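Have a look at target34.cif below; it lists mmCIF, C-alpha atoms and all ligand atoms.
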data_start
#
loop_
_atom_site.group_PDB
_atom_site.id
_atom_site.type_symbol
_atom_site.label_atom_id
_atom_site.label_comp_id
_atom_site.auth_asym_id
_atom_site.auth_seq_id
_atom_site.Cartn_x
_atom_site.Cartn_y
_atom_site.Cartn_z
ATOM 1 C CA MET A 1 76.714 120.532 111.274
ATOM 2 C CA ALA A 2 73.367 120.469 109.377
ATOM 3 C CA LEU A 3 74.036 124.107 108.461
ATOM 4 C CA LEU A 4 77.455 123.147 107.106
ATOM 5 C CA GLU A 5 75.909 120.515 104.872
ATOM 6 C CA MET A 6 73.884 123.281 103.175
ATOM 7 C CA LEU A 7 77.061 125.029 102.009
ATOM 8 C CA PRO A 8 78.195 124.521 98.394
ATOM 9 C CA SER A 9 80.784 121.716 98.153
ATOM 10 C CA PHE A 10 83.439 124.203 96.947
ATOM 11 C CA VAL A 11 83.089 126.252 100.152
ATOM 12 C CA LEU A 12 83.057 123.096 102.295
ATOM 13 C CA GLY A 13 86.263 121.968 100.566
ATOM 14 C CA LEU A 14 87.906 125.221 101.686
ATOM 15 C CA ILE A 15 86.782 125.178 105.316
ATOM 16 C CA ASP A 16 86.941 121.433 106.089
ATOM 17 C CA PRO A 17 90.677 121.497 106.944
ATOM 18 C CA GLY A 18 89.894 124.284 109.434
ATOM 19 C CA PHE A 19 88.134 121.722 111.655
ATOM 20 C CA ILE A 20 91.171 119.432 111.454
ATOM 21 C CA LEU A 21 93.455 122.300 112.459
ATOM 22 C CA TYR A 22 91.099 123.275 115.286
ATOM 23 C CA TYR A 23 91.190 119.729 116.772
ATOM 24 C CA ALA A 24 94.995 119.593 116.410
ATOM 25 C CA VAL A 25 95.459 122.909 118.245
ATOM 26 C CA GLU A 26 92.965 121.830 120.917
ATOM 27 C CA ALA A 27 94.896 118.579 121.536
ATOM 28 C CA TYR A 28 98.154 120.554 121.708
ATOM 29 C CA ILE A 29 96.791 122.983 124.307
ATOM 30 C CA GLN A 30 95.227 120.155 126.363
ATOM 31 C CA THR A 31 98.485 118.159 126.326
ATOM 32 C CA LEU A 32 100.453 121.244 127.338
ATOM 33 C CA LEU A 33 98.046 122.120 130.183
ATOM 34 C CA ILE A 34 98.005 118.540 131.529
ATOM 35 C CA GLY A 35 101.840 118.554 131.625
ATOM 36 C CA LEU A 36 101.976 121.956 133.326
ATOM 37 C CA ARG A 37 99.359 120.901 135.891
ATOM 38 C CA GLU A 38 101.099 117.575 136.646
ATOM 39 C CA ASP A 39 104.658 118.754 137.307
ATOM 40 C CA GLY A 40 104.860 122.376 136.217
ATOM 41 C CA THR A 41 106.955 121.650 133.124
ATOM 42 C CA ILE A 42 106.308 121.496 129.383
ATOM 43 C CA PRO A 43 105.855 117.783 128.539
ATOM 44 C CA SER A 44 108.744 116.166 126.670
ATOM 45 C CA ASP A 45 107.789 115.393 123.055
ATOM 46 C CA LEU A 46 104.805 117.736 123.384
ATOM 47 C CA ARG A 47 104.110 117.774 119.618
ATOM 48 C CA GLY A 48 104.289 113.977 119.291
ATOM 49 C CA ARG A 49 101.988 113.393 122.258
ATOM 50 C CA ALA A 50 99.549 116.058 121.128
ATOM 51 C CA PHE A 51 99.483 114.536 117.621
ATOM 52 C CA GLY A 52 98.733 111.082 119.094
ATOM 53 C CA LYS A 53 95.842 112.536 121.116
ATOM 54 C CA PHE A 54 94.483 114.498 118.145
ATOM 55 C CA TRP A 55 94.728 111.585 115.702
ATOM 56 C CA THR A 56 93.069 109.206 118.165
ATOM 57 C CA LYS A 57 90.194 111.682 118.488
ATOM 58 C CA ILE A 58 89.585 112.240 114.779
ATOM 59 C CA SER A 59 90.533 108.814 113.471
ATOM 60 C CA GLY A 60 90.671 106.331 116.315
ATOM 61 C CA ALA A 61 87.706 104.059 115.658
ATOM 62 C CA PRO A 62 87.069 101.958 112.538
ATOM 63 C CA PRO A 63 84.414 103.469 110.246
ATOM 64 C CA ASP A 64 80.796 102.505 110.953
ATOM 65 C CA PRO A 65 79.851 100.078 108.125
ATOM 66 C CA ALA A 66 76.276 101.462 108.204
ATOM 67 C CA VAL A 67 77.462 104.954 107.229
ATOM 68 C CA ALA A 68 78.465 105.677 103.623
ATOM 69 C CA LEU A 69 82.075 106.786 103.178
ATOM 70 C CA VAL A 70 82.662 110.323 101.987
ATOM 71 C CA GLY A 71 85.622 112.292 100.628
ATOM 72 C CA SER A 72 89.082 110.746 100.709
ATOM 73 C CA ALA A 73 87.775 107.801 102.768
ATOM 74 C CA THR A 74 86.117 106.501 99.575
ATOM 75 C CA LEU A 75 89.569 106.011 97.999
ATOM 76 C CA VAL A 76 90.964 103.773 100.729
ATOM 77 C CA PRO A 77 89.085 100.403 100.612
ATOM 78 C CA SER A 78 89.935 99.612 96.972
ATOM 79 C CA THR A 79 93.570 100.535 97.643
ATOM 80 C CA PHE A 80 93.975 98.166 100.611
ATOM 81 C CA ALA A 81 92.173 95.401 98.711
ATOM 82 C CA GLN A 82 95.057 95.309 96.198
ATOM 83 C CA ALA A 83 97.620 94.334 98.851
ATOM 84 C CA GLN A 84 99.286 90.963 98.489
ATOM 85 C CA GLY A 85 102.311 88.965 99.671
ATOM 86 C CA THR A 86 104.633 90.711 102.112
ATOM 87 C CA VAL A 87 103.195 94.171 102.747
ATOM 88 C CA LEU A 88 104.742 97.316 104.230
ATOM 89 C CA GLU A 89 102.262 99.949 105.393
ATOM 90 C CA ILE A 90 103.873 103.305 106.078
ATOM 91 C CA GLY A 91 102.303 105.362 108.897
ATOM 92 C CA PRO A 92 99.156 103.282 109.621
ATOM 93 C CA GLY A 93 98.268 105.655 112.490
ATOM 94 C CA SER A 94 95.501 104.233 114.680
ATOM 95 C CA GLY A 95 94.949 101.292 112.290
ATOM 96 C CA ASN A 96 91.271 102.211 111.940
ATOM 97 C CA GLN A 97 91.512 101.353 108.232
ATOM 98 C CA THR A 98 93.058 97.896 108.718
ATOM 99 C CA LEU A 99 89.654 96.284 108.117
ATOM 100 C CA TYR A 100 90.012 97.205 104.449
ATOM 101 C CA TYR A 101 92.652 94.463 104.108
ATOM 102 C CA ASN A 102 89.910 91.890 104.819
ATOM 103 C CA PRO A 103 89.015 91.154 101.157
ATOM 104 C CA ALA A 104 92.732 90.549 100.452
ATOM 105 C CA ALA A 105 93.439 88.524 103.617
ATOM 106 C CA ALA A 106 93.996 85.213 101.774
ATOM 107 C CA GLN A 107 96.604 86.745 99.459
ATOM 108 C CA ILE A 108 98.530 88.530 102.231
ATOM 109 C CA LYS A 109 101.450 86.799 103.983
ATOM 110 C CA THR A 110 102.564 89.426 106.501
ATOM 111 C CA ILE A 111 101.924 93.142 106.991
ATOM 112 C CA TYR A 112 104.579 95.304 108.622
ATOM 113 C CA GLY A 113 103.001 98.533 109.901
ATOM 114 C CA ALA A 114 105.811 101.126 110.220
ATOM 115 C CA GLU A 115 104.427 103.625 112.702
ATOM 116 C CA PRO A 116 106.924 106.018 114.367
ATOM 117 C CA ALA A 117 104.345 107.440 116.827
ATOM 118 C CA ASN A 118 104.646 104.963 119.702
ATOM 119 C CA GLU A 119 101.618 106.487 121.436
ATOM 120 C CA LEU A 120 99.432 105.066 118.627
ATOM 121 C CA HIS A 121 100.775 101.471 118.842
ATOM 122 C CA LYS A 122 98.273 100.230 121.448
ATOM 123 C CA LEU A 123 95.268 101.377 119.429
ATOM 124 C CA LEU A 124 96.857 100.162 116.188
ATOM 125 C CA ARG A 125 97.266 96.685 117.748
ATOM 126 C CA LYS A 126 93.654 96.706 118.969
ATOM 127 C CA ASN A 127 92.246 97.783 115.602
ATOM 128 C CA ALA A 128 94.444 95.324 113.673
ATOM 129 C CA ASP A 129 93.421 92.483 115.986
ATOM 130 C CA SER A 130 89.768 93.124 115.201
ATOM 131 C CA THR A 131 90.322 92.282 111.500
ATOM 132 C CA LYS A 132 91.059 89.120 109.529
ATOM 133 C CA VAL A 133 94.711 90.153 109.133
ATOM 134 C CA GLY A 134 95.300 90.679 112.878
ATOM 135 C CA PRO A 135 97.563 87.595 113.284
ATOM 136 C CA LYS A 136 99.595 88.682 110.230
ATOM 137 C CA TYR A 137 99.977 92.327 111.328
ATOM 138 C CA ARG A 138 103.342 93.231 112.886
ATOM 139 C CA ILE A 139 103.883 96.727 114.220
ATOM 140 C CA ILE A 140 107.358 98.190 113.882
ATOM 141 C CA GLY A 141 108.380 101.485 115.480
ATOM 142 C CA ALA A 142 110.057 102.714 112.300
ATOM 143 C CA ASP A 143 109.702 105.767 110.090
ATOM 144 C CA ALA A 144 109.557 105.590 106.292
ATOM 145 C CA THR A 145 113.306 105.353 105.711
ATOM 146 C CA LYS A 146 115.018 102.149 104.654
ATOM 147 C CA ALA A 147 117.601 102.632 107.427
ATOM 148 C CA SER A 148 114.917 102.772 110.115
ATOM 149 C CA ILE A 149 112.899 99.859 108.693
ATOM 150 C CA THR A 150 116.076 97.780 108.326
ATOM 151 C CA ARG A 151 117.002 98.532 111.948
ATOM 152 C CA GLU A 152 113.601 97.414 113.251
ATOM 153 C CA LEU A 153 113.499 94.273 111.090
ATOM 154 C CA LEU A 154 116.988 93.327 112.298
ATOM 155 C CA LYS A 155 115.825 93.810 115.891
ATOM 156 C CA ASP A 156 112.818 91.541 115.215
ATOM 157 C CA LYS A 157 115.162 88.983 113.536
ATOM 158 C CA VAL A 158 113.184 89.249 110.268
ATOM 159 C CA LEU A 159 116.470 90.171 108.548
ATOM 160 C CA GLU A 160 119.780 88.340 108.962
ATOM 161 C CA PRO A 161 122.557 90.433 110.609
ATOM 162 C CA GLY A 162 124.152 92.711 108.002
ATOM 163 C CA ALA A 163 121.197 92.490 105.580
ATOM 164 C CA LEU A 164 119.280 95.533 104.294
ATOM 165 C CA ALA A 165 115.538 95.771 103.654
ATOM 166 C CA ASN A 166 116.096 95.757 99.863
ATOM 167 C CA ASN A 167 113.723 94.067 97.372
ATOM 168 C CA MET A 168 111.645 92.503 100.130
ATOM 169 C CA PHE A 169 108.042 93.799 99.855
ATOM 170 C CA ASP A 170 105.409 92.813 97.295
ATOM 171 C CA THR A 171 103.247 95.798 98.269
ATOM 172 C CA ILE A 172 103.972 99.099 99.980
ATOM 173 C CA ILE A 173 100.987 101.223 101.045
ATOM 174 C CA CYS A 174 101.127 104.946 101.795
ATOM 175 C CA VAL A 175 97.870 106.580 102.861
ATOM 176 C CA ARG A 176 98.058 110.241 103.969
ATOM 177 C CA VAL A 177 101.685 109.931 105.038
ATOM 178 C CA LEU A 178 103.980 111.210 102.275
ATOM 179 C CA CYS A 179 102.794 114.708 103.231
ATOM 180 C CA SER A 180 104.642 114.278 106.562
ATOM 181 C CA VAL A 181 107.957 112.579 105.758
ATOM 182 C CA PRO A 182 110.925 114.941 106.197
ATOM 183 C CA ASN A 183 112.622 114.048 102.878
ATOM 184 C CA LEU A 184 110.058 113.080 100.242
ATOM 185 C CA GLU A 185 112.540 112.461 97.444
ATOM 186 C CA GLY A 186 114.737 110.229 99.637
ATOM 187 C CA THR A 187 111.673 108.398 100.976
ATOM 188 C CA ILE A 188 110.409 107.569 97.475
ATOM 189 C CA SER A 189 113.894 106.248 96.545
ATOM 190 C CA ASP A 190 113.867 104.119 99.713
ATOM 191 C CA LEU A 191 110.346 102.783 99.058
ATOM 192 C CA HIS A 192 111.379 101.884 95.510
ATOM 193 C CA ALA A 193 114.489 100.091 96.809
ATOM 194 C CA MET A 194 112.456 98.110 99.366
ATOM 195 C CA LEU A 195 109.926 96.874 96.771
ATOM 196 C CA LYS A 196 110.546 93.593 95.009
ATOM 197 C CA PRO A 197 110.884 93.893 91.207
ATOM 198 C CA GLY A 198 107.290 93.836 89.942
ATOM 199 C CA GLY A 199 106.074 94.965 93.393
ATOM 200 C CA LYS A 200 103.448 97.689 93.793
ATOM 201 C CA LEU A 201 103.547 101.019 95.591
ATOM 202 C CA LEU A 202 99.927 101.992 96.382
ATOM 203 C CA VAL A 203 99.174 105.595 97.333
ATOM 204 C CA VAL A 204 96.297 107.724 98.589
ATOM 205 C CA GLU A 205 97.730 111.169 99.363
ATOM 206 C CA HIS A 206 96.625 114.762 99.540
ATOM 207 C CA THR A 207 98.794 117.057 97.500
ATOM 208 C CA ALA A 208 99.381 120.615 96.312
ATOM 209 C CA ASN A 209 96.372 121.908 94.402
ATOM 210 C CA ALA A 210 97.053 121.831 90.642
ATOM 211 C CA TRP A 211 95.876 125.463 90.335
ATOM 212 C CA ARG A 212 97.500 125.990 86.943
ATOM 213 C CA THR A 213 95.253 123.355 85.349
ATOM 214 C CA THR A 214 91.528 123.515 84.650
ATOM 215 C CA LYS A 215 90.997 120.747 87.250
ATOM 216 C CA GLY A 216 92.590 122.821 90.039
ATOM 217 C CA SER A 217 91.627 126.013 91.841
ATOM 218 C CA VAL A 218 93.664 129.163 92.504
ATOM 219 C CA ILE A 219 91.530 129.905 95.558
ATOM 220 C CA ALA A 220 92.071 126.434 97.058
ATOM 221 C CA ARG A 221 95.829 126.790 96.414
ATOM 222 C CA LEU A 222 95.862 130.152 98.226
ATOM 223 C CA VAL A 223 93.876 128.694 101.120
ATOM 224 C CA GLN A 224 96.400 125.821 101.349
ATOM 225 C CA THR A 225 99.070 128.509 101.924
ATOM 226 C CA VAL A 226 96.906 130.275 104.517
ATOM 227 C CA TYR A 227 96.499 127.037 106.552
ATOM 228 C CA MET A 228 100.261 126.469 106.335
ATOM 229 C CA LEU A 229 100.871 130.012 107.644
ATOM 230 C CA LEU A 230 98.469 129.308 110.524
ATOM 231 C CA GLY A 231 100.793 126.530 111.729
ATOM 232 C CA TRP A 232 99.268 123.479 110.000
ATOM 233 C CA SER A 233 102.601 121.633 109.775
ATOM 234 C CA TYR A 234 103.523 122.356 113.375
ATOM 235 C CA PHE A 235 100.221 121.153 114.841
ATOM 236 C CA VAL A 236 99.365 118.389 112.337
ATOM 237 C CA GLY A 237 102.435 116.139 112.670
ATOM 238 C CA ASP A 238 104.683 117.868 110.084
ATOM 239 C CA CYS A 239 102.015 117.488 107.400
ATOM 240 C CA SER A 240 102.390 119.795 104.382
ATOM 241 C CA LEU A 241 99.423 120.865 102.263
ATOM 242 C CA THR A 242 101.563 122.327 99.518
ATOM 243 C CA ARG A 243 103.802 119.402 98.502
ATOM 244 C CA ASN A 244 103.554 118.248 94.926
ATOM 245 C CA ILE A 245 103.582 114.545 95.746
ATOM 246 C CA GLU A 246 102.466 113.414 92.282
ATOM 247 C CA GLN A 247 105.344 115.250 90.619
ATOM 248 C CA MET A 248 107.841 113.616 93.002
ATOM 249 C CA LEU A 249 106.348 110.136 92.501
ATOM 250 C CA ARG A 250 106.619 110.543 88.719
ATOM 251 C CA LYS A 251 110.302 111.601 88.902
ATOM 252 C CA ASN A 252 112.680 109.142 87.167
ATOM 253 C CA THR A 253 109.681 107.114 85.956
ATOM 254 C CA SER A 254 111.539 105.538 83.012
ATOM 255 C CA GLU A 255 114.333 104.201 85.266
ATOM 256 C CA ARG A 256 112.123 103.124 88.152
ATOM 257 C CA TRP A 257 108.615 102.156 87.207
ATOM 258 C CA GLU A 258 107.045 99.745 84.728
ATOM 259 C CA THR A 259 103.709 101.531 85.030
ATOM 260 C CA VAL A 260 102.490 104.614 86.854
ATOM 261 C CA SER A 261 98.759 104.975 87.217
ATOM 262 C CA ILE A 262 97.722 108.004 89.279
ATOM 263 C CA GLU A 263 94.359 109.780 89.350
ATOM 264 C CA ARG A 264 93.386 113.150 90.860
ATOM 265 C CA HIS A 265 90.309 113.666 93.009
ATOM 266 C CA PHE A 266 88.530 116.667 94.563
ATOM 267 C CA GLY A 267 90.558 119.025 92.343
ATOM 268 C CA LYS A 268 88.899 122.217 93.615
ATOM 269 C CA ALA A 269 89.374 121.428 97.325
ATOM 270 C CA VAL A 270 92.163 122.293 99.749
ATOM 271 C CA LEU A 271 92.571 118.595 100.543
ATOM 272 C CA THR A 272 92.898 117.613 96.894
ATOM 273 C CA TYR A 273 93.953 113.965 96.511
ATOM 274 C CA ILE A 274 95.836 111.565 94.280
ATOM 275 C CA SER A 275 95.394 107.800 94.359
ATOM 276 C CA GLY A 276 96.887 104.998 92.339
ATOM 277 C CA SER A 277 99.751 102.550 91.921
ATOM 278 C CA LEU A 278 103.321 102.411 90.675
ATOM 279 C CA VAL A 279 104.764 99.055 89.623
ATOM 280 C CA LYS A 280 108.539 98.591 90.035
ATOM 281 C CA LYS A 281 110.479 97.572 86.933
ATOM 282 C CA SER A 282 111.385 93.880 86.872
HETATM 283 C C1 LIG B 301 97.766 111.763 108.825
HETATM 284 S S1 LIG B 301 98.229 110.299 109.644
HETATM 285 C C2 LIG B 301 97.562 109.024 108.571
HETATM 286 C C3 LIG B 301 97.343 107.705 109.253
HETATM 287 C C4 LIG B 301 96.706 106.635 108.377
HETATM 288 N N1 LIG B 301 97.583 106.246 107.302
HETATM 289 C C5 LIG B 301 95.383 107.127 107.844
HETATM 290 O O1 LIG B 301 95.262 107.359 106.648
HETATM 291 O O2 LIG B 301 94.451 107.245 108.651
HETATM 292 C C6 LIG B 301 99.964 110.210 109.270
HETATM 293 C C7 LIG B 301 100.650 109.033 109.909
HETATM 294 O O3 LIG B 301 101.989 108.959 109.431
HETATM 295 C C8 LIG B 301 102.858 108.825 110.537
HETATM 296 N N2 LIG B 301 104.139 109.443 110.156
HETATM 297 C C9 LIG B 301 104.526 110.723 110.310
HETATM 298 N N3 LIG B 301 105.790 110.897 109.856
HETATM 299 C C10 LIG B 301 106.193 109.695 109.407
HETATM 300 C C11 LIG B 301 107.411 109.214 108.844
HETATM 301 N N4 LIG B 301 108.456 110.032 108.647
HETATM 302 N N5 LIG B 301 107.500 107.907 108.523
HETATM 303 C C12 LIG B 301 106.429 107.069 108.722
HETATM 304 N N6 LIG B 301 105.264 107.475 109.250
HETATM 305 C C13 LIG B 301 105.149 108.765 109.592
HETATM 306 C C14 LIG B 301 102.164 109.532 111.667
HETATM 307 O O4 LIG B 301 102.633 109.096 112.928
HETATM 308 C C15 LIG B 301 100.718 109.149 111.409
HETATM 309 O O5 LIG B 301 100.391 107.935 111.976
#
Before we go any further, please render this structure as structure tokens.
Amino acid sequence: MALLEMLPSFVLGLIDPGFILYYAVEAYIQTLLIGLREDGTIPSDLRGRAFGKFWTKISGAPPDPAVALVGSATLVPSTFAQAQGTVLEIGPGSGNQTLYYNPAAAQIKTIYGAEPANELHKLLRKNADSTKVGPKYRIIGADATKASITRELLKDKVLEPGALANNMFDTIICVRVLCSVPNLEGTISDLHAMLKPGGKLLVVEHTANAWRTTKGSVIARLVQTVYMLLGWSYFVGDCSLTRNIEQMLRKNTSERWETVSIERHFGKAVLTYISGSLVKKS
């Protein structure tokens, strides 16, 4: 790893995702072999189980406060600290970032963590319980759609029978998840519908490299395509490296959003990021 640190940051930004893909493929093969050894069959939901194993390995434990954050991790604490009121967190994963709600704990009423990967729920509960917002953190086994979130909130009796999850959240947080939802345009419409007027959608997402602009890189954009061809989406939980998430968030701005404030980071890297907030029109 010391050798890697000597590489120019541009080169590191191209090869970093290779390690992620390596760990995802490793978890897939291990999950497959364990299933075959146990009862001679391919495990049901092989991809989901392998993703849970992989994500727990690379992102299971909360960050060590003694170690400085690097890369996209630096964008997360200030995002979580803006949460307030009734919060919906889409795809919290292992919950290893839940501690970043701590500075906002007094202004948060309830957090609903919509995590469709059931195999991550135990760790998510453990990590949430180790923070100040633990008692306010409710895990729901929903995906990012309004239909699924409504269904789970009805089950938990948070919604009255027949009600929909419209206009109910003060804050919705998406960190590294809009790359994986099956229908990005529909998801953004649903998130907008679920926000209260004046509510905030907070995002930290990797996105397609803006190679046509001076801030982007043609090489990084090509390498994004190479990783996709190597099976990135299949092994990394349906994640896409080549989605233009910023463009989709900005769609219908004048009808939907009072303000849109989005910044780009690490423009020359394969995992190029956007972060920011969108405030729903009142
Ligand atoms: C790359 S992980 C990010 C986890 C966490 N937000 C983080 O930044 O560490 C993506 C997460 O989104 C979840 N996810 C995948 N598809 C989803 C969907 N359609 N709706 C909601 N969550 C989804 C995955 O199960 C996983 O926990």
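Neighbours of Val279 in chain A closer than or equal to 8 Å, with only C-alpha atoms counted and sequence neighbours fewer than 5 positions away skipped, come out as Gly198, Gly199, Lys200, Leu201, Trp257, Glu258, Thr259 and Val260 of chain A.
Using all atoms listed in the file, the nearest neighbour of Ile58 in chain A within the list A:Gly93, A:Pro197, A:Gly40, A:Gly113 is A:Gly93.
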Run the PyMOL selection byres (((chain A and resi 64-73) around 9) and not hetatm) against the file shown and list the residues it catches, as a PDB file with C-alpha atoms, in the frame of the given file.
ATOM      1  CA  ALA A  61      87.706 104.059 115.658  1.00  0.00           C
ATOM      2  CA  PRO A  62      87.069 101.958 112.538  1.00  0.00           C
ATOM      3  CA  PRO A  63      84.414 103.469 110.246  1.00  0.00           C
ATOM      4  CA  THR A  74      86.117 106.501  99.575  1.00  0.00           C
ATOM      5  CA  LEU A  75      89.569 106.011  97.999  1.00  0.00           C
ATOM      6  CA  VAL A  76      90.964 103.773 100.729  1.00  0.00           C
ATOM      7  CA  PRO A  77      89.085 100.403 100.612  1.00  0.00           C
ATOM      8  CA  VAL A 204      96.297 107.724  98.589  1.00  0.00           C
ATOM      9  CA  GLU A 205      97.730 111.169  99.363  1.00  0.00           C
ATOM     10  CA  HIS A 206      96.625 114.762  99.540  1.00  0.00           C
ATOM     11  CA  HIS A 265      90.309 113.666  93.009  1.00  0.00           C
ATOM     12  CA  PHE A 266      88.530 116.667  94.563  1.00  0.00           C
ATOM     13  CA  LEU A 271      92.571 118.595 100.543  1.00  0.00           C
ATOM     14  CA  THR A 272      92.898 117.613  96.894  1.00  0.00           C
ATOM     15  CA  TYR A 273      93.953 113.965  96.511  1.00  0.00           C
TER      16      TYR A 273
END
Please find the residues contacting ligand LIG 301 (chain B) at a distance of at most 8 Å between atoms, with all atoms listed in the file counted, and report them as a PyMOL selection string. chain A and resi 51-52+55+59+90-97+114-117+120+142-145+174-178+180-182+236-239
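Here CA of Asp16 in chain A stands at a distance of 9.1 Å from CA of Ala269 in chain A.
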Taking the point (113.7, 109.3, 99.2) as given in the file, collect each protein or nucleic acid residue that comes within 12 Å of it, counting only C-alpha atoms, and present the set as a PyMOL selection string. chain A and resi 144-147+178+181-194+245+248-249+251
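Closest approach to Ser233 in chain A from the set A:Ile29, A:Lys196, A:Arg47, A:Lys126 is made by A:Arg47, with distances taken over all atoms listed in the file.
In terms of minimum interatomic distance to Ser9 in chain A, A:Val270 ranks closest within A:Leu230, A:Val270, A:Val133, A:Val218, counting all atoms listed in the file.
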Measuring atom to atom with all atoms listed in the file, identify which of A:Ile139, A:Ala81, A:Ala210, A:Ile111 is nearest to Leu123 in chain A. A:Ile139
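In this model, the gap between CA of Thr171 in chain A and CA of Thr242 in chain A comes to 26.6 Å.
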So, with all atoms listed in the file as the atoms that count, which of A:Arg37, A:Tyr234, A:Ala208, A:Phe169 lies closest to Leu222 in chain A? A:Ala208
Could you write out as a compact mmCIF listing (two decimals) with C-alpha atoms, keeping the file's coordinate frame the residues that the PyMOL selection byres (((chain A and resi 151) around 12) and not hetatm) matches in the shown file?
# COMPACT_ATOMS: atom_id res chain seq x y z
CA ALA A 114 105.81 101.13 110.22
CA ILE A 140 107.36 98.19 113.88
CA GLY A 141 108.38 101.48 115.48
CA ALA A 142 110.06 102.71 112.30
CA ASP A 143 109.70 105.77 110.09
CA ALA A 144 109.56 105.59 106.29
CA THR A 145 113.31 105.35 105.71
CA LYS A 146 115.02 102.15 104.65
CA ALA A 147 117.60 102.63 107.43
CA SER A 148 114.92 102.77 110.12
CA ILE A 149 112.90 99.86 108.69
CA THR A 150 116.08 97.78 108.33
CA GLU A 152 113.60 97.41 113.25
CA LEU A 153 113.50 94.27 111.09
CA LEU A 154 116.99 93.33 112.30
CA LYS A 155 115.82 93.81 115.89
CA ASP A 156 112.82 91.54 115.22
CA LYS A 157 115.16 88.98 113.54
CA VAL A 158 113.18 89.25 110.27
CA LEU A 159 116.47 90.17 108.55
CA GLU A 160 119.78 88.34 108.96
CA PRO A 161 122.56 90.43 110.61
CA GLY A 162 124.15 92.71 108.00
CA ALA A 163 121.20 92.49 105.58
CA LEU A 164 119.28 95.53 104.29
CA ALA A 165 115.54 95.77 103.65
Using the chain letters and numbers from the file, give me the residues hit by the PyMOL selection byres (((chain A and resi 23) around 12) and not hetatm), as an MDAnalysis selection string. chainID A and resid 16:22 24:30 50:59 232 235:236
Residue contacts of Gln82 in chain A (12 Å, all atoms listed in the file) excluding same-chain residues fewer than 4 positions away, as a list in words: Val76, Pro77, Ser78, Val87, Tyr100, Tyr101, Asn102, Pro103, Ala104, Ala105, Ala106, Gln107, Ile108, Asp170, Thr171, Ile172, Ile173, Gly199, Lys200, Leu201, Leu202, Val203, Gly276 and Ser277 of chain A
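Near Thr31 in chain A, within a cut-off of 8 Å and counting all atoms listed in the file, sit the residues Pro43, Leu46, Arg49 and Ala50 of chain A, with same-chain residues fewer than 6 positions away left out.
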Between CA of Asn167 in chain A and CA of Asp129 in chain A, what is the distance in Å, rounded to a tenth? 27.6 Å
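Shortest atom-to-atom contact with Asn209 in chain A among A:Asn252, A:Asn118, A:Asn244, A:Thr131: A:Asn244, counting only C-alpha atoms.
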Residues within 8 Å of Lys268 in chain A, all atoms listed in the file, excluding chain neighbours under 3 positions, as an NGL selection string: :A and (10 or 13 or 209 or 215-217 or 220 or 272)
Edge lengths and centre in Å to one decimal, as JSON, of the axis-aligned box that encloses all listed atoms of range 160-173 of chain A with 8 Å added on every side?
{"center_x": 112.6, "center_y": 94.8, "center_z": 104.0, "size_x": 39.2, "size_y": 28.9, "size_z": 29.3}
